[in-house]
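J.: One file is attached below, target-v5.pdb, containing PDB, C-alpha atoms and all ligand atoms.
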ATOM      1  CA  MET A   1      -9.448  -8.020 -10.496  1.00  0.00           C
ATOM      2  CA  ASN A   2      -8.424  -8.120 -14.131  1.00  0.00           C
ATOM      3  CA  ILE A   3      -4.942  -6.659 -14.126  1.00  0.00           C
ATOM      4  CA  GLN A   4      -4.625  -6.866 -17.918  1.00  0.00           C
ATOM      5  CA  GLN A   5      -7.723  -4.756 -18.376  1.00  0.00           C
ATOM      6  CA  ILE A   6      -6.654  -2.248 -15.723  1.00  0.00           C
ATOM      7  CA  LEU A   7      -3.237  -1.784 -17.328  1.00  0.00           C
ATOM      8  CA  GLU A   8      -4.707  -1.531 -20.821  1.00  0.00           C
ATOM      9  CA  GLU A   9      -7.236   1.078 -19.716  1.00  0.00           C
ATOM     10  CA  ARG A  10      -4.355   3.039 -18.284  1.00  0.00           C
ATOM     11  CA  GLY A  11      -2.432   2.743 -21.543  1.00  0.00           C
ATOM     12  CA  ALA A  12       0.280   0.773 -19.747  1.00  0.00           C
ATOM     13  CA  LYS A  13       1.944  -2.224 -21.313  1.00  0.00           C
ATOM     14  CA  VAL A  14       0.821  -5.619 -20.059  1.00  0.00           C
ATOM     15  CA  THR A  15       4.014  -7.546 -19.341  1.00  0.00           C
ATOM     16  CA  SER A  16       4.369 -10.996 -17.820  1.00  0.00           C
ATOM     17  CA  GLN A  17       6.342  -9.450 -14.956  1.00  0.00           C
ATOM     18  CA  ARG A  18       3.609  -6.937 -14.123  1.00  0.00           C
ATOM     19  CA  VAL A  19       0.988  -9.669 -14.226  1.00  0.00           C
ATOM     20  CA  ALA A  20       3.135 -11.941 -12.020  1.00  0.00           C
ATOM     21  CA  LEU A  21       3.744  -9.158  -9.487  1.00  0.00           C
ATOM     22  CA  ALA A  22       0.025  -8.358  -9.412  1.00  0.00           C
ATOM     23  CA  ARG A  23      -0.770 -12.027  -8.802  1.00  0.00           C
ATOM     24  CA  ILE A  24       1.507 -11.998  -5.728  1.00  0.00           C
ATOM     25  CA  MET A  25       0.378  -8.578  -4.489  1.00  0.00           C
ATOM     26  CA  PHE A  26      -3.318  -9.416  -4.665  1.00  0.00           C
ATOM     27  CA  SER A  27      -3.123 -13.048  -3.523  1.00  0.00           C
ATOM     28  CA  ARG A  28      -4.366 -11.895  -0.111  1.00  0.00           C
ATOM     29  CA  PRO A  29      -4.841  -8.656   1.822  1.00  0.00           C
ATOM     30  CA  GLN A  30      -1.338  -7.521   2.754  1.00  0.00           C
ATOM     31  CA  HIS A  31       1.096  -4.672   3.177  1.00  0.00           C
ATOM     32  CA  LEU A  32       4.330  -5.224   1.311  1.00  0.00           C
ATOM     33  CA  SER A  33       7.445  -3.147   0.944  1.00  0.00           C
ATOM     34  CA  ALA A  34       9.119  -3.235  -2.462  1.00  0.00           C
ATOM     35  CA  ASP A  35      11.831  -5.452  -0.956  1.00  0.00           C
ATOM     36  CA  ALA A  36       9.283  -7.893   0.444  1.00  0.00           C
ATOM     37  CA  LEU A  37       7.502  -8.119  -2.905  1.00  0.00           C
ATOM     38  CA  MET A  38      10.859  -8.695  -4.587  1.00  0.00           C
ATOM     39  CA  ASP A  39      11.583 -11.578  -2.182  1.00  0.00           C
ATOM     40  CA  LEU A  40       8.164 -13.159  -2.780  1.00  0.00           C
ATOM     41  CA  ALA A  41       8.660 -12.832  -6.539  1.00  0.00           C
ATOM     42  CA  LEU A  42      12.030 -14.561  -6.378  1.00  0.00           C
ATOM     43  CA  GLN A  43      10.559 -17.327  -4.206  1.00  0.00           C
ATOM     44  CA  ALA A  44       7.815 -17.792  -6.793  1.00  0.00           C
ATOM     45  CA  GLY A  45      10.427 -18.087  -9.525  1.00  0.00           C
ATOM     46  CA  VAL A  46       9.579 -14.713 -11.081  1.00  0.00           C
ATOM     47  CA  ARG A  47      12.723 -13.060 -12.377  1.00  0.00           C
ATOM     48  CA  VAL A  48      12.476  -9.317 -11.886  1.00  0.00           C
ATOM     49  CA  SER A  49      14.867  -6.496 -11.147  1.00  0.00           C
ATOM     50  CA  LYS A  50      14.406  -4.208  -8.208  1.00  0.00           C
ATOM     51  CA  ALA A  51      13.769  -1.333 -10.630  1.00  0.00           C
ATOM     52  CA  THR A  52      10.923  -3.296 -12.218  1.00  0.00           C
ATOM     53  CA  VAL A  53       9.397  -3.981  -8.806  1.00  0.00           C
ATOM     54  CA  TYR A  54       9.546  -0.286  -7.895  1.00  0.00           C
ATOM     55  CA  ASN A  55       8.197   0.856 -11.264  1.00  0.00           C
ATOM     56  CA  THR A  56       5.394  -1.684 -11.151  1.00  0.00           C
ATOM     57  CA  LEU A  57       4.348  -0.701  -7.630  1.00  0.00           C
ATOM     58  CA  ASN A  58       4.331   2.971  -8.658  1.00  0.00           C
ATOM     59  CA  LEU A  59       2.214   2.075 -11.675  1.00  0.00           C
ATOM     60  CA  PHE A  60      -0.219   0.095  -9.493  1.00  0.00           C
ATOM     61  CA  ALA A  61      -0.464   3.098  -7.161  1.00  0.00           C
ATOM     62  CA  GLU A  62      -1.140   5.423 -10.110  1.00  0.00           C
ATOM     63  CA  CYS A  63      -3.845   3.035 -11.293  1.00  0.00           C
ATOM     64  CA  GLY A  64      -5.365   3.221  -7.809  1.00  0.00           C
ATOM     65  CA  ILE A  65      -5.181  -0.526  -7.181  1.00  0.00           C
ATOM     66  CA  VAL A  66      -2.684  -0.305  -4.332  1.00  0.00           C
ATOM     67  CA  ARG A  67      -2.409   2.336  -1.672  1.00  0.00           C
ATOM     68  CA  GLU A  68       0.951   3.719  -0.603  1.00  0.00           C
ATOM     69  CA  VAL A  69       1.384   3.903   3.151  1.00  0.00           C
ATOM     70  CA  ASN A  70       4.379   6.010   4.061  1.00  0.00           C
ATOM     71  CA  VAL A  71       5.041   5.152   7.688  1.00  0.00           C
ATOM     72  CA  ASP A  72       7.973   7.378   8.542  1.00  0.00           C
ATOM     73  CA  GLY A  73       9.023   9.329   5.483  1.00  0.00           C
ATOM     74  CA  LYS A  74      11.453   6.576   4.487  1.00  0.00           C
ATOM     75  CA  LYS A  75       9.656   3.290   4.505  1.00  0.00           C
ATOM     76  CA  ILE A  76       6.767   2.799   2.106  1.00  0.00           C
ATOM     77  CA  TYR A  77       4.370  -0.103   2.267  1.00  0.00           C
ATOM     78  CA  TYR A  78       2.037  -0.983  -0.559  1.00  0.00           C
ATOM     79  CA  ASP A  79      -1.395  -1.949   0.662  1.00  0.00           C
ATOM     80  CA  SER A  80      -3.561  -4.322  -1.374  1.00  0.00           C
ATOM     81  CA  THR A  81      -6.610  -2.993   0.459  1.00  0.00           C
ATOM     82  CA  ILE A  82      -7.694   0.344  -0.978  1.00  0.00           C
ATOM     83  CA  THR A  83     -10.931   0.866   0.895  1.00  0.00           C
ATOM     84  CA  PRO A  84     -10.575   3.530   3.623  1.00  0.00           C
ATOM     85  CA  HIS A  85      -8.915   2.282   6.814  1.00  0.00           C
ATOM     86  CA  HIS A  86      -6.295   3.338   9.309  1.00  0.00           C
ATOM     87  CA  HIS A  87      -3.116   1.581  10.424  1.00  0.00           C
ATOM     88  CA  LEU A  88      -1.189   0.482  13.459  1.00  0.00           C
ATOM     89  CA  TYR A  89       2.552   0.602  12.912  1.00  0.00           C
ATOM     90  CA  ASN A  90       4.907  -1.137  15.295  1.00  0.00           C
ATOM     91  CA  VAL A  91       8.149   0.851  15.185  1.00  0.00           C
ATOM     92  CA  ASP A  92      10.047  -2.010  16.896  1.00  0.00           C
ATOM     93  CA  THR A  93       9.061  -4.755  14.472  1.00  0.00           C
ATOM     94  CA  GLY A  94       8.072  -2.784  11.375  1.00  0.00           C
ATOM     95  CA  GLU A  95       4.736  -4.574  11.382  1.00  0.00           C
ATOM     96  CA  LEU A  96       1.841  -2.699   9.811  1.00  0.00           C
ATOM     97  CA  THR A  97      -1.698  -3.846  10.562  1.00  0.00           C
ATOM     98  CA  ASP A  98      -5.111  -2.538   9.628  1.00  0.00           C
ATOM     99  CA  LEU A  99      -7.387  -0.555  11.884  1.00  0.00           C
ATOM    100  CA  PRO A 100     -10.983  -0.279  10.737  1.00  0.00           C
ATOM    101  CA  THR A 101     -12.162   3.309  10.328  1.00  0.00           C
ATOM    102  CA  ASP A 102     -14.790   2.791  13.031  1.00  0.00           C
ATOM    103  CA  ALA A 103     -12.023   1.959  15.548  1.00  0.00           C
ATOM    104  CA  VAL A 104     -11.208   5.652  15.593  1.00  0.00           C
ATOM    105  CA  SER A 105     -13.555   8.529  16.121  1.00  0.00           C
ATOM    106  CA  LEU A 106     -12.495  11.995  15.167  1.00  0.00           C
ATOM    107  CA  THR A 107     -14.624  14.440  17.036  1.00  0.00           C
ATOM    108  CA  ASP A 108     -12.771  17.641  16.342  1.00  0.00           C
ATOM    109  CA  MET A 109     -11.798  18.055  12.750  1.00  0.00           C
ATOM    110  CA  PRO A 110      -9.730  21.155  12.119  1.00  0.00           C
ATOM    111  CA  LYS A 111     -11.375  24.033  10.348  1.00  0.00           C
ATOM    112  CA  LEU A 112     -10.541  23.566   6.696  1.00  0.00           C
ATOM    113  CA  PRO A 113      -9.400  26.382   4.461  1.00  0.00           C
ATOM    114  CA  GLU A 114     -12.162  28.267   2.692  1.00  0.00           C
ATOM    115  CA  GLY A 115     -13.453  26.477  -0.382  1.00  0.00           C
ATOM    116  CA  THR A 116     -11.984  23.071   0.477  1.00  0.00           C
ATOM    117  CA  GLU A 117     -13.468  19.803   1.660  1.00  0.00           C
ATOM    118  CA  ALA A 118     -11.925  16.776   3.351  1.00  0.00           C
ATOM    119  CA  VAL A 119     -11.497  13.780   1.061  1.00  0.00           C
ATOM    120  CA  GLY A 120      -9.997  11.430   3.616  1.00  0.00           C
ATOM    121  CA  VAL A 121      -8.122  10.982   6.849  1.00  0.00           C
ATOM    122  CA  ASP A 122      -5.218   8.532   6.945  1.00  0.00           C
ATOM    123  CA  LEU A 123      -4.158   7.769  10.459  1.00  0.00           C
ATOM    124  CA  ILE A 124      -1.082   5.777  11.458  1.00  0.00           C
ATOM    125  CA  VAL A 125      -0.954   4.955  15.154  1.00  0.00           C
ATOM    126  CA  LYS A 126       2.676   4.229  15.990  1.00  0.00           C
ATOM    127  CA  ILE A 127       3.263   1.728  18.746  1.00  0.00           C
ATOM    128  CA  ARG A 128       6.190  -0.005  20.447  1.00  0.00           C
ATOM    129  CA  GLU A 129       6.704  -2.459  23.266  1.00  0.00           C
ATOM    130  CA  ARG A 130       6.123  -0.728  26.564  1.00  0.00           C
ATOM    131  CA  ARG A 131       9.444   0.170  28.200  1.00  0.00           C
ATOM    132  CA  GLY A 132      10.483   0.336  31.801  1.00  0.00           C
TER     133      GLY A 132
HETATM  134 ZN    ZN B   1      -3.863  -1.477   5.315  1.00  0.00          ZN
END
Show this structure as structure tokens.
Ligand SMILES: [Zn+2]
T.:
Amino acid sequence: MNIQQILEERGAKVTSQRVALARIMFSRPQHLSADALMDLALQAGVRVSKATVYNTLNLFAECGIVREVNVDGKKIYYDSTITPHHHLYNVDTGELTDLPTDAVSLTDMPKLPEGTEAVGVDLIVKIRERRG
């Protein structure tokens, strides 16, 4: 992925911070919260503010190079994998893992409103340690 080119095509400024954050984000397939990306940046010696991390992640999402996964209305993970897939979310540990689309079969799709078509189904299966 050429982050410079992607940002330029979008008319967004190419800054060393954006490039450094992209390098971390796309170093491997992962789901990162803004806080986690901030920590990794600091560990890598990249000096960024929290606002820059948030703005950059929003920009990456607008560019379509990360996918936002909103697990509970509060916590957002940024997914470096943008091909269609579902997720398992452990509410005890906060761990988010991928589920391939073929791990789930949807046999009864709801009837869609007239004149519309489905463009995707994002499923988050929420799990926790079994109790009792
Ligand atoms: Zn994912």
J.: Excluding same-chain residues fewer than 6 positions from Pro100 (chain A), what lies within 10 Å of it counting all atoms listed in the file, as a ChimeraX atom specification?
T.: /A:83-87
J.: Nearest residue to ligand ZN 1 (chain B) out of A:Thr107, A:Gln17, A:Asn55, A:Thr81, using all atoms listed in the file?
T.: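 The shortest atom-to-atom distance to ligand ZN 1 (chain B) comes from A:Thr81.
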J.: Could you give me, as JSON lines, a per-residue list for chain A showing, wherever an atom lies at most 12 Å from an atom of ligand ZN 1 (chain B), the closest pair of atoms and their distance in Å to one decimal, using only C-alpha atoms and all ligand atoms and sorting by chain then residue number from low to high?
T.:
{"residue": "A:Arg28", "atom": "CA", "partner": "B:ZN1", "partner_atom": "ZN", "distance": 11.8}
{"residue": "A:Pro29", "atom": "CA", "partner": "B:ZN1", "partner_atom": "ZN", "distance": 8.0}
{"residue": "A:Gln30", "atom": "CA", "partner": "B:ZN1", "partner_atom": "ZN", "distance": 7.0}
{"residue": "A:His31", "atom": "CA", "partner": "B:ZN1", "partner_atom": "ZN", "distance": 6.3}
{"residue": "A:Leu32", "atom": "CA", "partner": "B:ZN1", "partner_atom": "ZN", "distance": 9.9}
{"residue": "A:Val66", "atom": "CA", "partner": "B:ZN1", "partner_atom": "ZN", "distance": 9.8}
{"residue": "A:Arg67", "atom": "CA", "partner": "B:ZN1", "partner_atom": "ZN", "distance": 8.1}
{"residue": "A:Glu68", "atom": "CA", "partner": "B:ZN1", "partner_atom": "ZN", "distance": 9.2}
{"residue": "A:Val69", "atom": "CA", "partner": "B:ZN1", "partner_atom": "ZN", "distance": 7.8}
{"residue": "A:Asn70", "atom": "CA", "partner": "B:ZN1", "partner_atom": "ZN", "distance": 11.2}
{"residue": "A:Val71", "atom": "CA", "partner": "B:ZN1", "partner_atom": "ZN", "distance": 11.4}
{"residue": "A:Ile76", "atom": "CA", "partner": "B:ZN1", "partner_atom": "ZN", "distance": 11.9}
{"residue": "A:Tyr77", "atom": "CA", "partner": "B:ZN1", "partner_atom": "ZN", "distance": 8.9}
{"residue": "A:Tyr78", "atom": "CA", "partner": "B:ZN1", "partner_atom": "ZN", "distance": 8.3}
{"residue": "A:Asp79", "atom": "CA", "partner": "B:ZN1", "partner_atom": "ZN", "distance": 5.3}
{"residue": "A:Ser80", "atom": "CA", "partner": "B:ZN1", "partner_atom": "ZN", "distance": 7.3}
{"residue": "A:Thr81", "atom": "CA", "partner": "B:ZN1", "partner_atom": "ZN", "distance": 5.8}
{"residue": "A:Ile82", "atom": "CA", "partner": "B:ZN1", "partner_atom": "ZN", "distance": 7.6}
{"residue": "A:Thr83", "atom": "CA", "partner": "B:ZN1", "partner_atom": "ZN", "distance": 8.7}
{"residue": "A:Pro84", "atom": "CA", "partner": "B:ZN1", "partner_atom": "ZN", "distance": 8.5}
{"residue": "A:His85", "atom": "CA", "partner": "B:ZN1", "partner_atom": "ZN", "distance": 6.5}
{"residue": "A:His86", "atom": "CA", "partner": "B:ZN1", "partner_atom": "ZN", "distance": 6.7}
{"residue": "A:His87", "atom": "CA", "partner": "B:ZN1", "partner_atom": "ZN", "distance": 6.0}
{"residue": "A:Leu88", "atom": "CA", "partner": "B:ZN1", "partner_atom": "ZN", "distance": 8.8}
{"residue": "A:Tyr89", "atom": "CA", "partner": "B:ZN1", "partner_atom": "ZN", "distance": 10.2}
{"residue": "A:Glu95", "atom": "CA", "partner": "B:ZN1", "partner_atom": "ZN", "distance": 11.0}
{"residue": "A:Leu96", "atom": "CA", "partner": "B:ZN1", "partner_atom": "ZN", "distance": 7.4}
{"residue": "A:Thr97", "atom": "CA", "partner": "B:ZN1", "partner_atom": "ZN", "distance": 6.2}
{"residue": "A:Asp98", "atom": "CA", "partner": "B:ZN1", "partner_atom": "ZN", "distance": 4.6}
{"residue": "A:Leu99", "atom": "CA", "partner": "B:ZN1", "partner_atom": "ZN", "distance": 7.5}
{"residue": "A:Pro100", "atom": "CA", "partner": "B:ZN1", "partner_atom": "ZN", "distance": 9.0}
{"residue": "A:Thr101", "atom": "CA", "partner": "B:ZN1", "partner_atom": "ZN", "distance": 10.8}
{"residue": "A:Asp122", "atom": "CA", "partner": "B:ZN1", "partner_atom": "ZN", "distance": 10.2}
{"residue": "A:Leu123", "atom": "CA", "partner": "B:ZN1", "partner_atom": "ZN", "distance": 10.6}
{"residue": "A:Ile124", "atom": "CA", "partner": "B:ZN1", "partner_atom": "ZN", "distance": 9.9}
J.: Do you know which residues the PyMOL selection byres (((chain A and resi 20) around 12) and not hetatm) returns on this file, as a list of chain:residue names?
T.: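 This file, filtered by the PyMOL selection byres (((chain A and resi 20) around 12) and not hetatm), leaves A:Ile3, A:Gln4, A:Val14, A:Thr15, A:Ser16, A:Gln17, A:Arg18, A:Val19, A:Leu21, A:Ala22, A:Arg23, A:Ile24, A:Met25, A:Phe26, A:Ser27, A:Leu37, A:Met38, A:Leu40, A:Ala41, A:Leu42, A:Ala44, A:Gly45, A:Val46, A:Arg47, A:Val48, A:Thr52, A:Val53, A:Thr56.
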J.: Find, counting all atoms listed in the file, the residue in A:Val121, A:Ala36, A:Tyr54, A:Gly94 that gets nearest to Leu106 (chain A).
T.: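 Under the stated criterion, the closest residue is A:Val121.
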